[in-house]
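Listing of input_32.cif, mmCIF, C-alpha atoms and all ligand atoms
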data_run
#
loop_
_atom_site.label_atom_id
_atom_site.label_comp_id
_atom_site.auth_asym_id
_atom_site.auth_seq_id
_atom_site.Cartn_x
_atom_site.Cartn_y
_atom_site.Cartn_z
CA MET A 1 4.07 -15.12 8.21
CA SER A 2 6.77 -16.67 10.45
CA ARG A 3 9.79 -14.70 9.15
CA VAL A 4 11.58 -12.33 11.48
CA PHE A 5 11.48 -8.68 10.46
CA GLY A 6 13.44 -5.73 11.80
CA ARG A 7 11.67 -2.40 11.52
CA VAL A 8 8.68 -2.39 9.17
CA PHE A 9 7.38 0.68 7.33
CA SER A 10 4.55 1.00 4.82
CA GLY A 11 2.03 3.57 3.67
CA ILE A 12 -1.33 3.98 1.98
CA GLN A 13 -2.95 6.95 0.29
CA PRO A 14 -6.08 8.41 1.91
CA THR A 15 -7.85 8.66 -1.41
CA GLY A 16 -11.03 6.66 -1.84
CA ASN A 17 -12.03 3.48 -0.12
CA LEU A 18 -9.72 0.71 0.93
CA HIS A 19 -10.35 -2.07 -1.58
CA LEU A 20 -9.77 -5.79 -1.61
CA GLY A 21 -6.49 -5.34 -3.53
CA ASN A 22 -5.08 -3.02 -0.87
CA TYR A 23 -6.31 -5.36 1.85
CA LEU A 24 -5.08 -8.69 0.49
CA GLY A 25 -1.97 -7.28 -1.21
CA ALA A 26 -0.70 -5.17 1.66
CA ILE A 27 -2.81 -4.45 4.75
CA ARG A 28 -3.30 -8.07 5.79
CA ASN A 29 0.48 -8.46 5.84
CA TRP A 30 0.77 -5.24 7.85
CA VAL A 31 -1.58 -6.71 10.44
CA ARG A 32 0.32 -9.99 10.62
CA MET A 33 3.70 -8.28 10.95
CA GLN A 34 2.60 -6.49 14.12
CA ASP A 35 3.18 -9.77 15.97
CA SER A 36 6.84 -10.02 15.09
CA ALA A 37 8.24 -6.55 14.41
CA GLU A 38 8.24 -2.86 15.25
CA CYS A 39 5.74 -1.52 12.71
CA ILE A 40 5.28 2.02 11.41
CA TYR A 41 2.25 2.63 9.18
CA CYS A 42 1.61 5.92 7.47
CA VAL A 43 -1.42 7.53 5.84
CA VAL A 44 0.46 9.16 2.98
CA ASP A 45 -1.39 12.43 2.45
CA LEU A 46 1.65 14.13 0.86
CA HIS A 47 1.50 11.49 -1.86
CA ALA A 48 -2.24 12.07 -2.29
CA ILE A 49 -1.76 15.69 -3.44
CA THR A 50 0.43 14.64 -6.38
CA VAL A 51 -2.94 14.68 -8.17
CA ALA A 52 -5.70 17.25 -7.50
CA GLN A 53 -7.65 16.71 -4.27
CA ASP A 54 -10.59 18.52 -2.78
CA PRO A 55 -9.31 19.71 0.66
CA LYS A 56 -12.45 18.72 2.60
CA THR A 57 -12.57 15.30 0.97
CA LEU A 58 -8.87 14.76 1.69
CA ALA A 59 -9.27 15.71 5.36
CA ARG A 60 -12.17 13.24 5.65
CA GLY A 61 -10.20 10.63 3.71
CA ILE A 62 -7.32 10.75 6.21
CA ARG A 63 -9.65 9.93 9.10
CA GLU A 64 -11.55 7.32 7.10
CA MET A 65 -8.38 5.53 6.03
CA THR A 66 -7.24 5.54 9.66
CA ALA A 67 -10.57 4.00 10.68
CA ALA A 68 -10.32 1.43 7.86
CA LEU A 69 -6.81 0.39 8.92
CA ILE A 70 -7.85 -0.03 12.54
CA ALA A 71 -10.96 -1.93 11.43
CA SER A 72 -8.70 -4.22 9.38
CA GLY A 73 -6.65 -5.08 12.47
CA ILE A 74 -3.94 -2.42 12.83
CA ASP A 75 -3.53 -1.85 16.55
CA PRO A 76 -2.39 1.74 17.19
CA GLU A 77 -1.05 0.72 20.60
CA ARG A 78 1.40 -1.69 19.01
CA ALA A 79 2.01 -0.13 15.60
CA ILE A 80 2.75 3.54 15.00
CA LEU A 81 -0.07 4.93 12.85
CA PHE A 82 0.16 8.54 11.68
CA PRO A 83 -0.42 11.01 8.82
CA GLN A 84 2.68 11.71 6.73
CA SER A 85 2.19 15.51 6.63
CA GLN A 86 2.45 15.71 10.43
CA VAL A 87 6.07 14.54 10.42
CA ARG A 88 8.02 17.14 8.51
CA VAL A 89 11.09 14.93 8.22
CA HIS A 90 9.44 13.16 5.25
CA ALA A 91 9.39 16.29 3.07
CA GLU A 92 12.79 17.52 4.22
CA LEU A 93 14.56 14.21 3.72
CA ALA A 94 12.86 13.88 0.33
CA TRP A 95 14.62 17.06 -0.78
CA VAL A 96 18.03 15.73 0.24
CA LEU A 97 17.31 12.43 -1.50
CA MET A 98 16.15 14.23 -4.65
CA CYS A 99 19.70 15.49 -4.84
CA THR A 100 20.91 11.86 -4.58
CA ALA A 101 18.48 10.26 -7.05
CA ARG A 102 19.22 10.61 -10.77
CA VAL A 103 16.81 11.84 -13.42
CA GLY A 104 17.51 8.72 -15.48
CA TRP A 105 16.34 6.55 -12.56
CA LEU A 106 13.02 8.39 -12.30
CA ASN A 107 12.54 8.31 -16.06
CA ARG A 108 12.33 4.52 -15.80
CA MET A 109 9.43 4.48 -13.31
CA THR A 110 6.51 2.84 -15.06
CA GLN A 111 3.88 4.06 -12.58
CA PHE A 112 4.54 7.70 -13.55
CA LYS A 113 4.05 6.76 -17.18
CA GLU A 114 0.77 4.99 -16.34
CA LYS A 115 -0.58 7.69 -14.01
CA SER A 116 0.41 10.69 -16.14
CA GLY A 117 -1.03 8.99 -19.22
CA LYS A 118 -1.07 11.06 -22.38
CA ASP A 119 -0.79 14.40 -20.55
CA ARG A 120 2.76 13.99 -19.23
CA GLU A 121 3.57 17.68 -19.62
CA GLY A 122 0.52 18.56 -17.54
CA ALA A 123 1.35 16.17 -14.66
CA SER A 124 2.58 17.70 -11.39
CA VAL A 125 6.30 17.63 -10.62
CA GLY A 126 5.26 15.89 -7.39
CA LEU A 127 3.81 12.97 -9.35
CA TYR A 128 7.16 12.58 -11.10
CA THR A 129 9.26 12.76 -7.90
CA TYR A 130 6.77 10.74 -5.82
CA PRO A 131 9.06 7.67 -5.66
CA VAL A 132 11.79 9.78 -4.02
CA LEU A 133 9.34 10.90 -1.33
CA GLN A 134 8.47 7.23 -0.92
CA ALA A 135 12.16 6.44 -0.41
CA ALA A 136 12.32 9.22 2.21
CA ASP A 137 9.25 7.77 3.97
CA ILE A 138 11.04 4.45 4.39
CA LEU A 139 14.56 5.69 5.05
CA ALA A 140 13.48 8.28 7.65
CA TYR A 141 12.87 5.31 9.94
CA LYS A 142 15.80 3.19 8.75
CA ALA A 143 13.12 0.60 7.97
CA THR A 144 14.42 -2.82 6.99
CA HIS A 145 11.21 -4.34 5.56
CA VAL A 146 8.41 -2.84 3.48
CA PRO A 147 5.22 -4.89 2.94
CA VAL A 148 3.63 -3.82 -0.36
CA GLY A 149 1.71 -5.16 -3.33
CA GLU A 150 3.49 -6.19 -6.54
CA ASP A 151 2.85 -2.75 -8.13
CA GLN A 152 5.32 -1.13 -5.73
CA LYS A 153 8.26 -3.43 -6.53
CA GLN A 154 9.99 -0.97 -8.85
CA HIS A 155 9.67 1.89 -6.35
CA LEU A 156 11.24 -0.28 -3.66
CA GLU A 157 14.18 -1.05 -5.92
CA LEU A 158 14.61 2.68 -6.42
CA ALA A 159 14.55 3.26 -2.64
CA ARG A 160 17.36 0.69 -2.29
CA ASP A 161 19.37 2.40 -5.03
CA ILE A 162 18.92 5.80 -3.38
CA ALA A 163 19.94 4.43 0.03
CA ALA A 164 23.04 2.77 -1.43
CA LYS A 165 24.09 5.88 -3.38
CA PHE A 166 23.60 8.15 -0.36
CA ASN A 167 25.72 5.84 1.83
CA ASN A 168 28.36 5.63 -0.88
CA ASP A 169 28.42 9.36 -1.73
CA PHE A 170 28.93 10.39 1.88
CA GLY A 171 31.02 7.42 3.03
CA VAL A 172 28.51 6.42 5.71
CA GLU A 173 26.46 3.36 6.60
CA LEU A 174 23.46 5.42 7.53
CA PHE A 175 20.62 3.73 5.68
CA PRO A 176 19.93 -0.02 5.64
CA LEU A 177 18.79 -1.24 2.21
CA PRO A 178 15.05 -1.85 2.69
CA GLU A 179 13.68 -5.18 1.55
CA PRO A 180 10.25 -5.41 -0.07
CA VAL A 181 7.91 -8.01 1.43
CA ILE A 182 5.58 -9.04 -1.40
CA GLU A 183 3.93 -12.18 -0.08
CA GLY A 184 0.78 -14.24 -0.28
CA PRO A 185 -1.44 -15.47 -3.11
CA ALA A 186 -2.86 -11.97 -3.80
CA THR A 187 0.09 -9.64 -4.35
CA ARG A 188 -1.62 -8.30 -7.49
CA VAL A 189 -5.40 -8.42 -7.31
CA MET A 190 -6.94 -7.69 -10.69
CA SER A 191 -10.04 -5.74 -11.69
CA LEU A 192 -13.30 -7.71 -11.63
CA ARG A 193 -14.09 -6.27 -15.07
CA ASP A 194 -10.71 -6.90 -16.73
CA GLY A 195 -8.34 -9.63 -15.59
CA THR A 196 -5.38 -7.82 -17.13
CA ALA A 197 -5.80 -4.53 -15.19
CA LYS A 198 -4.97 -3.99 -11.50
CA MET A 199 -7.87 -3.52 -9.08
CA SER A 200 -7.56 0.14 -8.24
CA LYS A 201 -9.27 3.00 -6.41
CA SER A 202 -9.06 5.24 -9.43
CA ASP A 203 -10.88 2.88 -11.83
CA PRO A 204 -14.04 4.81 -12.79
CA SER A 205 -16.09 1.62 -12.62
CA ASP A 206 -17.08 0.75 -9.04
CA ALA A 207 -18.00 -2.73 -10.31
CA SER A 208 -14.28 -3.33 -10.95
CA ARG A 209 -13.43 -3.53 -7.26
CA ILE A 210 -14.70 -4.73 -3.90
CA ASN A 211 -14.58 -1.86 -1.40
CA LEU A 212 -14.19 -2.71 2.24
CA THR A 213 -17.35 -0.64 2.79
CA ASP A 214 -19.49 -2.74 0.41
CA ASP A 215 -22.36 -4.60 2.07
CA ALA A 216 -23.09 -8.30 1.57
CA ASP A 217 -25.57 -7.76 -1.28
CA THR A 218 -23.22 -5.45 -3.17
CA ILE A 219 -20.37 -7.96 -2.82
CA ALA A 220 -22.58 -10.82 -4.04
CA GLN A 221 -23.73 -8.71 -7.04
CA LYS A 222 -20.21 -7.63 -7.98
CA ILE A 223 -18.91 -11.21 -7.85
CA LYS A 224 -21.90 -12.46 -9.84
CA ARG A 225 -21.21 -9.85 -12.54
CA ALA A 226 -17.40 -10.29 -12.42
CA LYS A 227 -15.94 -11.13 -15.80
CA SER A 228 -15.16 -14.85 -16.11
CA ASP A 229 -15.19 -17.37 -18.93
CA ALA A 230 -17.37 -20.23 -20.10
CA ASP A 231 -15.03 -23.09 -19.14
CA ALA A 232 -15.06 -25.13 -15.95
CA LEU A 233 -12.25 -24.58 -13.45
CA PRO A 234 -9.20 -26.78 -14.03
CA SER A 235 -8.02 -29.10 -11.27
CA GLU A 236 -4.42 -27.82 -11.40
CA PRO A 237 -2.86 -24.29 -11.53
CA ALA A 238 -1.34 -24.88 -14.99
CA GLY A 239 -4.88 -24.97 -16.39
CA LEU A 240 -5.35 -21.28 -15.46
CA ALA A 241 -2.77 -20.15 -18.03
CA GLY A 242 -4.32 -17.69 -20.49
CA ARG A 243 -7.41 -17.30 -18.28
CA PRO A 244 -6.68 -14.07 -16.33
CA GLU A 245 -10.19 -13.58 -14.94
CA ALA A 246 -10.42 -17.19 -13.75
CA ALA A 247 -6.93 -16.95 -12.23
CA ASN A 248 -7.92 -13.76 -10.39
CA LEU A 249 -11.10 -15.25 -8.88
CA VAL A 250 -9.31 -18.43 -7.84
CA GLY A 251 -6.47 -16.33 -6.35
CA LEU A 252 -9.03 -14.37 -4.33
CA MET A 253 -10.55 -17.59 -3.00
CA ALA A 254 -7.06 -18.83 -2.05
CA ALA A 255 -6.14 -15.59 -0.28
CA LEU A 256 -9.43 -15.33 1.60
CA THR A 257 -9.37 -18.91 2.82
CA ASP A 258 -5.60 -19.08 3.48
CA ARG A 259 -5.14 -21.90 0.99
CA SER A 260 -2.84 -22.24 -2.01
CA VAL A 261 -4.24 -21.96 -5.54
CA ALA A 262 -3.51 -25.69 -5.95
CA GLN A 263 -5.62 -26.50 -2.88
CA VAL A 264 -8.51 -24.35 -4.10
CA LEU A 265 -8.43 -26.09 -7.49
CA ALA A 266 -8.23 -29.51 -5.83
CA ASP A 267 -11.52 -28.64 -4.11
CA HIS A 268 -13.29 -26.67 -6.86
CA GLY A 269 -11.78 -28.08 -10.08
CA GLY A 270 -14.52 -29.10 -12.53
CA GLN A 271 -16.97 -26.49 -11.25
CA GLY A 272 -18.33 -23.79 -13.55
CA PHE A 273 -18.50 -20.16 -12.43
CA GLY A 274 -22.22 -20.50 -11.70
CA GLN A 275 -21.19 -22.74 -8.80
CA PHE A 276 -17.85 -21.18 -7.87
CA LYS A 277 -18.89 -17.51 -7.72
CA PRO A 278 -21.52 -17.90 -4.95
CA ALA A 279 -18.97 -19.85 -2.88
CA LEU A 280 -16.43 -17.05 -3.40
CA ALA A 281 -18.99 -14.36 -2.52
CA GLU A 282 -19.83 -16.24 0.67
CA VAL A 283 -16.22 -16.36 1.93
CA MET A 284 -15.71 -12.74 0.92
CA VAL A 285 -18.74 -11.55 2.88
CA ALA A 286 -17.64 -13.60 5.90
CA ALA A 287 -14.12 -12.11 5.78
CA LEU A 288 -15.11 -8.49 5.12
CA GLY A 289 -18.34 -8.23 7.14
CA PRO A 290 -16.64 -7.79 10.54
CA ILE A 291 -14.19 -5.24 9.08
CA THR A 292 -17.03 -3.20 7.59
CA ALA A 293 -18.92 -3.27 10.90
CA ARG A 294 -15.86 -2.06 12.84
CA PHE A 295 -15.20 0.62 10.21
CA ASN A 296 -18.76 1.95 10.40
CA ALA A 297 -18.56 2.12 14.19
CA LEU A 298 -15.28 4.07 14.11
CA LYS A 299 -15.35 6.31 11.07
CA ASP A 300 -17.28 9.23 12.57
CA ASP A 301 -15.43 9.27 15.88
CA SER A 302 -13.15 12.10 14.86
CA ILE A 303 -12.01 12.81 18.43
CA ALA A 304 -10.69 9.26 18.88
CA LEU A 305 -9.18 9.13 15.39
CA ASP A 306 -7.44 12.51 15.72
CA SER A 307 -6.00 11.49 19.07
CA ILE A 308 -4.65 8.23 17.60
CA LEU A 309 -3.05 10.14 14.71
CA ALA A 310 -1.51 12.80 16.98
CA THR A 311 -0.01 10.16 19.27
CA GLY A 312 1.29 8.22 16.27
CA ALA A 313 2.87 11.36 14.78
CA ALA A 314 4.68 12.14 18.04
CA ARG A 315 6.04 8.57 18.20
CA ALA A 316 7.09 8.76 14.54
CA ARG A 317 8.88 12.10 15.03
CA ALA A 318 10.85 10.64 17.94
CA ILE A 319 12.35 8.10 15.53
CA ALA A 320 12.68 10.19 12.37
CA GLU A 321 14.14 13.42 13.76
CA PRO A 322 17.40 11.84 15.02
CA VAL A 323 17.78 10.12 11.62
CA LEU A 324 17.43 13.49 9.89
CA ALA A 325 20.07 14.93 12.26
CA GLU A 326 22.43 12.14 11.13
CA VAL A 327 21.65 13.04 7.51
CA HIS A 328 22.42 16.71 8.24
CA ARG A 329 25.81 15.76 9.68
CA ALA A 330 26.58 13.45 6.75
CA VAL A 331 25.87 16.07 4.07
CA GLY A 332 27.62 18.88 5.97
CA PHE A 333 24.68 21.00 7.15
CA GLY A 334 26.16 21.00 10.65
CA ASP A 335 24.35 21.21 13.97
CA TRP A 336 24.23 24.90 14.73
CA LEU A 337 20.82 25.18 16.30
N1 LIG B 1 -4.68 -4.44 -6.95
C1 LIG B 1 -3.80 -4.55 -5.97
N2 LIG B 1 -3.35 -5.78 -5.60
C2 LIG B 1 -2.45 -5.90 -4.60
N3 LIG B 1 -1.97 -4.85 -3.88
C3 LIG B 1 -2.40 -3.62 -4.21
N4 LIG B 1 -2.13 -2.40 -3.70
C4 LIG B 1 -2.83 -1.46 -4.40
N5 LIG B 1 -3.57 -2.07 -5.34
C5 LIG B 1 -3.33 -3.40 -5.25
C6 LIG B 1 -1.23 -2.16 -2.59
O1 LIG B 1 -1.92 -1.40 -1.62
C7 LIG B 1 -0.97 -0.59 -0.91
C8 LIG B 1 -1.48 0.83 -0.82
O2 LIG B 1 -1.30 1.42 -2.10
P1 LIG B 1 -1.54 2.89 -2.45
O3 LIG B 1 -1.83 3.77 -1.34
O4 LIG B 1 -0.45 3.27 -3.39
O5 LIG B 1 -2.82 2.61 -3.13
P2 LIG B 1 -3.12 3.12 -4.43
O6 LIG B 1 -2.02 2.96 -5.42
O7 LIG B 1 -3.70 4.46 -4.15
O8 LIG B 1 -4.20 2.10 -4.70
P3 LIG B 1 -4.71 2.00 -6.03
O9 LIG B 1 -6.02 1.40 -5.92
O10 LIG B 1 -3.71 1.35 -6.89
O11 LIG B 1 -4.87 3.55 -6.38
P4 LIG B 1 -4.69 4.21 -7.75
O12 LIG B 1 -5.85 3.75 -8.51
O13 LIG B 1 -4.75 5.68 -7.41
O14 LIG B 1 -3.38 3.77 -8.30
C9 LIG B 1 0.36 -0.70 -1.66
O15 LIG B 1 1.22 -1.56 -0.96
C10 LIG B 1 -0.03 -1.30 -2.98
O16 LIG B 1 1.00 -2.10 -3.51
#
Represent the structure from my file as structure tokens, please.
Ligand code: AQP
Amino acid sequence: MSRVFGRVFSGIQPTGNLHLGNYLGAIRNWVRMQDSAECIYCVVDLHAITVAQDPKTLARGIREMTAALIASGIDPERAILFPQSQVRVHAELAWVLMCTARVGWLNRMTQFKEKSGKDREGASVGLYTYPVLQAADILAYKATHVPVGEDQKQHLELARDIAAKFNNDFGVELFPLPEPVIEGPATRVMSLRDGTAKMSKSDPSDASRINLTDDADTIAQKIKRAKSDADALPSEPAGLAGRPEAANLVGLMAALTDRSVAQVLADHGGQGFGQFKPALAEVMVAALGPITARFNALKDDSIALDSILATGAARARAIAEPVLAEVHRAVGFGDWL
């Protein structure tokens, strides 16, 4: 990751365990970007309540996600790491931007359609307007780059549209248009049980994903049972066409060993899954083992975690509050207080 970035913002929901898709699709890029940019990373608890949450589980989830991010390599001294609900600018700016965004734009968001499923009338209004809050998250910091997985591409386009319309409506150049950073061989990690579905925290089958808390045996078992096919691996990427499960497992090997898919196939082409899967499980255990160990050592240290989050929130407020003041002036709220 040798590109130069301006100000980086990204977020993750504190619901459930961090999984390999989150890690390879987004968090690993977050970690790498700390070397070359000012980074702001947010545990997005306001987003979490767009679907029902048990309050105690959510409170624990915020700390656990913080521990998982630090265990994955986020350094809270260098990056700003904080919970979204502790910086009120997010919710307030979201309201202003809801008055900028158009209903037709939100109607096109495919994630709402997927997440609300058949019960669209019963979904929360928050689930529908979630992408506007996401735009506020990014724009509150005038972030220029947003590292995310492929599934967030459409929401990022919406954030750019909202920023452009706000600037245009009020004749200002207040918000930069944020650029998505969707990079690496694992921008869309698929379920281990279905190569056409995204690996996801909300999949009821735990066998569909690798959690960063899984131990070595569990990882080996899940990879062994992962759906594959009866053919040997091809020696070139074109041979993976029409083989989604094989493509997913090869993509995971590429991402975990920092090689291209072509390089992985040059080394493993001709092998069947009986040979390839144990090799994949081995590199996965080697990559995730140290993260799991750090996570386990940190996750119950609520004093340290709360202090990190409070410091991060204060640093985040120092950036976001002056941006909100600019927004107030632009829309005509004035500065009376
Ligand atoms: N399967 C994936 N492959 C690559 N990247 C992924 N991300 C999520 N799943 C994959 C990226 O992880 C970051 C955090 O996303 P989030 O907080 O929106 O996570 P999420 O959507 O709660 O994760 P899930 O597992 O997808 O949850 P559900 O099941 O609730 O929808 C984002 O950058 C995302 O792109």
Can you tell me which residues come within 9 Å of ligand LIG 1 (chain B) when counting only C-alpha atoms and all ligand atoms, ideally as a PyMOL selection string? chain A and resi 10-27+43-44+47-48+111+115+146-153+182+186-191+197-203+209
File dump, residues just selected, C-alpha atoms, as a compact mmCIF listing (two decimals), in the coordinates of the input:
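Final output, saved to result.txt:
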# COMPACT_ATOMS: atom_id res chain seq x y z
CA SER A 10 4.55 1.00 4.82
CA GLY A 11 2.03 3.57 3.67
CA ILE A 12 -1.33 3.98 1.98
CA GLN A 13 -2.95 6.95 0.29
CA PRO A 14 -6.08 8.41 1.91
CA THR A 15 -7.85 8.66 -1.41
CA GLY A 16 -11.03 6.66 -1.84
CA ASN A 17 -12.03 3.48 -0.12
CA LEU A 18 -9.72 0.71 0.93
CA HIS A 19 -10.35 -2.07 -1.58
CA LEU A 20 -9.77 -5.79 -1.61
CA GLY A 21 -6.49 -5.34 -3.53
CA ASN A 22 -5.08 -3.02 -0.87
CA TYR A 23 -6.31 -5.36 1.85
CA LEU A 24 -5.08 -8.69 0.49
CA GLY A 25 -1.97 -7.28 -1.21
CA ALA A 26 -0.70 -5.17 1.66
CA ILE A 27 -2.81 -4.45 4.75
CA VAL A 43 -1.42 7.53 5.84
CA VAL A 44 0.46 9.16 2.98
CA HIS A 47 1.50 11.49 -1.86
CA ALA A 48 -2.24 12.07 -2.29
CA GLN A 111 3.88 4.06 -12.58
CA LYS A 115 -0.58 7.69 -14.01
CA VAL A 146 8.41 -2.84 3.48
CA PRO A 147 5.22 -4.89 2.94
CA VAL A 148 3.63 -3.82 -0.36
CA GLY A 149 1.71 -5.16 -3.33
CA GLU A 150 3.49 -6.19 -6.54
CA ASP A 151 2.85 -2.75 -8.13
CA GLN A 152 5.32 -1.13 -5.73
CA LYS A 153 8.26 -3.43 -6.53
CA ILE A 182 5.58 -9.04 -1.40
CA ALA A 186 -2.86 -11.97 -3.80
CA THR A 187 0.09 -9.64 -4.35
CA ARG A 188 -1.62 -8.30 -7.49
CA VAL A 189 -5.40 -8.42 -7.31
CA MET A 190 -6.94 -7.69 -10.69
CA SER A 191 -10.04 -5.74 -11.69
CA ALA A 197 -5.80 -4.53 -15.19
CA LYS A 198 -4.97 -3.99 -11.50
CA MET A 199 -7.87 -3.52 -9.08
CA SER A 200 -7.56 0.14 -8.24
CA LYS A 201 -9.27 3.00 -6.41
CA SER A 202 -9.06 5.24 -9.43
CA ASP A 203 -10.88 2.88 -11.83
CA ARG A 209 -13.43 -3.53 -7.26
Using all atoms listed in the file for the distances, tell me which of A:Val8, A:Ala262, A:Val283, A:Ala216 is nearest to A:Thr144. A:Val8
Looking at all atoms listed in the file, which of A:Cys99, A:Arg28, A:Ala79, A:Arg243 is the one that sits closest to A:Ala287?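 Of the candidates, the smallest distance to A:Ala287 is held by A:Arg28.
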Enter the distance from atom CA of A:Leu46 to atom CA of A:His90, in Å, rounded to one decimal.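 We find that atom CA of A:Leu46 and atom CA of A:His90 lie 9.0 Å from each other.
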Excluding A:Met33 and residues on its chain fewer than 5 positions from it, collect all residues at most 12 Å away from it, counting all atoms listed in the file, and give them as a ChimeraX atom specification. /A:1-10,26-28,38-41,73-75,78-79,145-147,181,183
Keeping only C-alpha atoms, write the selected residues to a file as a PDB file, keeping the file's coordinate frame.
ATOM      1  CA  MET A   1       4.070 -15.120   8.210  1.00  0.00           C
ATOM      2  CA  SER A   2       6.770 -16.670  10.450  1.00  0.00           C
ATOM      3  CA  ARG A   3       9.790 -14.700   9.150  1.00  0.00           C
ATOM      4  CA  VAL A   4      11.580 -12.330  11.480  1.00  0.00           C
ATOM      5  CA  PHE A   5      11.480  -8.680  10.460  1.00  0.00           C
ATOM      6  CA  GLY A   6      13.440  -5.730  11.800  1.00  0.00           C
ATOM      7  CA  ARG A   7      11.670  -2.400  11.520  1.00  0.00           C
ATOM      8  CA  VAL A   8       8.680  -2.390   9.170  1.00  0.00           C
ATOM      9  CA  PHE A   9       7.380   0.680   7.330  1.00  0.00           C
ATOM     10  CA  SER A  10       4.550   1.000   4.820  1.00  0.00           C
ATOM     11  CA  ALA A  26      -0.700  -5.170   1.660  1.00  0.00           C
ATOM     12  CA  ILE A  27      -2.810  -4.450   4.750  1.00  0.00           C
ATOM     13  CA  ARG A  28      -3.300  -8.070   5.790  1.00  0.00           C
ATOM     14  CA  GLU A  38       8.240  -2.860  15.250  1.00  0.00           C
ATOM     15  CA  CYS A  39       5.740  -1.520  12.710  1.00  0.00           C
ATOM     16  CA  ILE A  40       5.280   2.020  11.410  1.00  0.00           C
ATOM     17  CA  TYR A  41       2.250   2.630   9.180  1.00  0.00           C
ATOM     18  CA  GLY A  73      -6.650  -5.080  12.470  1.00  0.00           C
ATOM     19  CA  ILE A  74      -3.940  -2.420  12.830  1.00  0.00           C
ATOM     20  CA  ASP A  75      -3.530  -1.850  16.550  1.00  0.00           C
ATOM     21  CA  ARG A  78       1.400  -1.690  19.010  1.00  0.00           C
ATOM     22  CA  ALA A  79       2.010  -0.130  15.600  1.00  0.00           C
ATOM     23  CA  HIS A 145      11.210  -4.340   5.560  1.00  0.00           C
ATOM     24  CA  VAL A 146       8.410  -2.840   3.480  1.00  0.00           C
ATOM     25  CA  PRO A 147       5.220  -4.890   2.940  1.00  0.00           C
ATOM     26  CA  VAL A 181       7.910  -8.010   1.430  1.00  0.00           C
ATOM     27  CA  GLU A 183       3.930 -12.180  -0.080  1.00  0.00           C
TER      28      GLU A 183
END
Taking only C-alpha atoms into account, which of A:Ile80, A:Ala232, A:Leu324, A:Val96 comes nearest A:Cys42? A:Ile80
If you measure from atom CA of A:Asn167 to atom CA of A:Glu326, what distance in Å do you get, rounded to one decimal?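 So the answer is 11.7 Å.
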Excluding A:Leu192 and residues on its chain fewer than 5 positions from it, collect all residues at most 9 Å away from it, counting all atoms listed in the file, and give them as a PyMOL selection string. chain A and resi 197+199+207-210+222-223+225-228+245+248-249
Around (5.0, 10.5, 0.0) in the file's frame, which residues reach within 12 Å when counting all atoms listed in the file? Return as a PyMOL selection string? chain A and resi 10-14+42-50+83-95+126-140+155
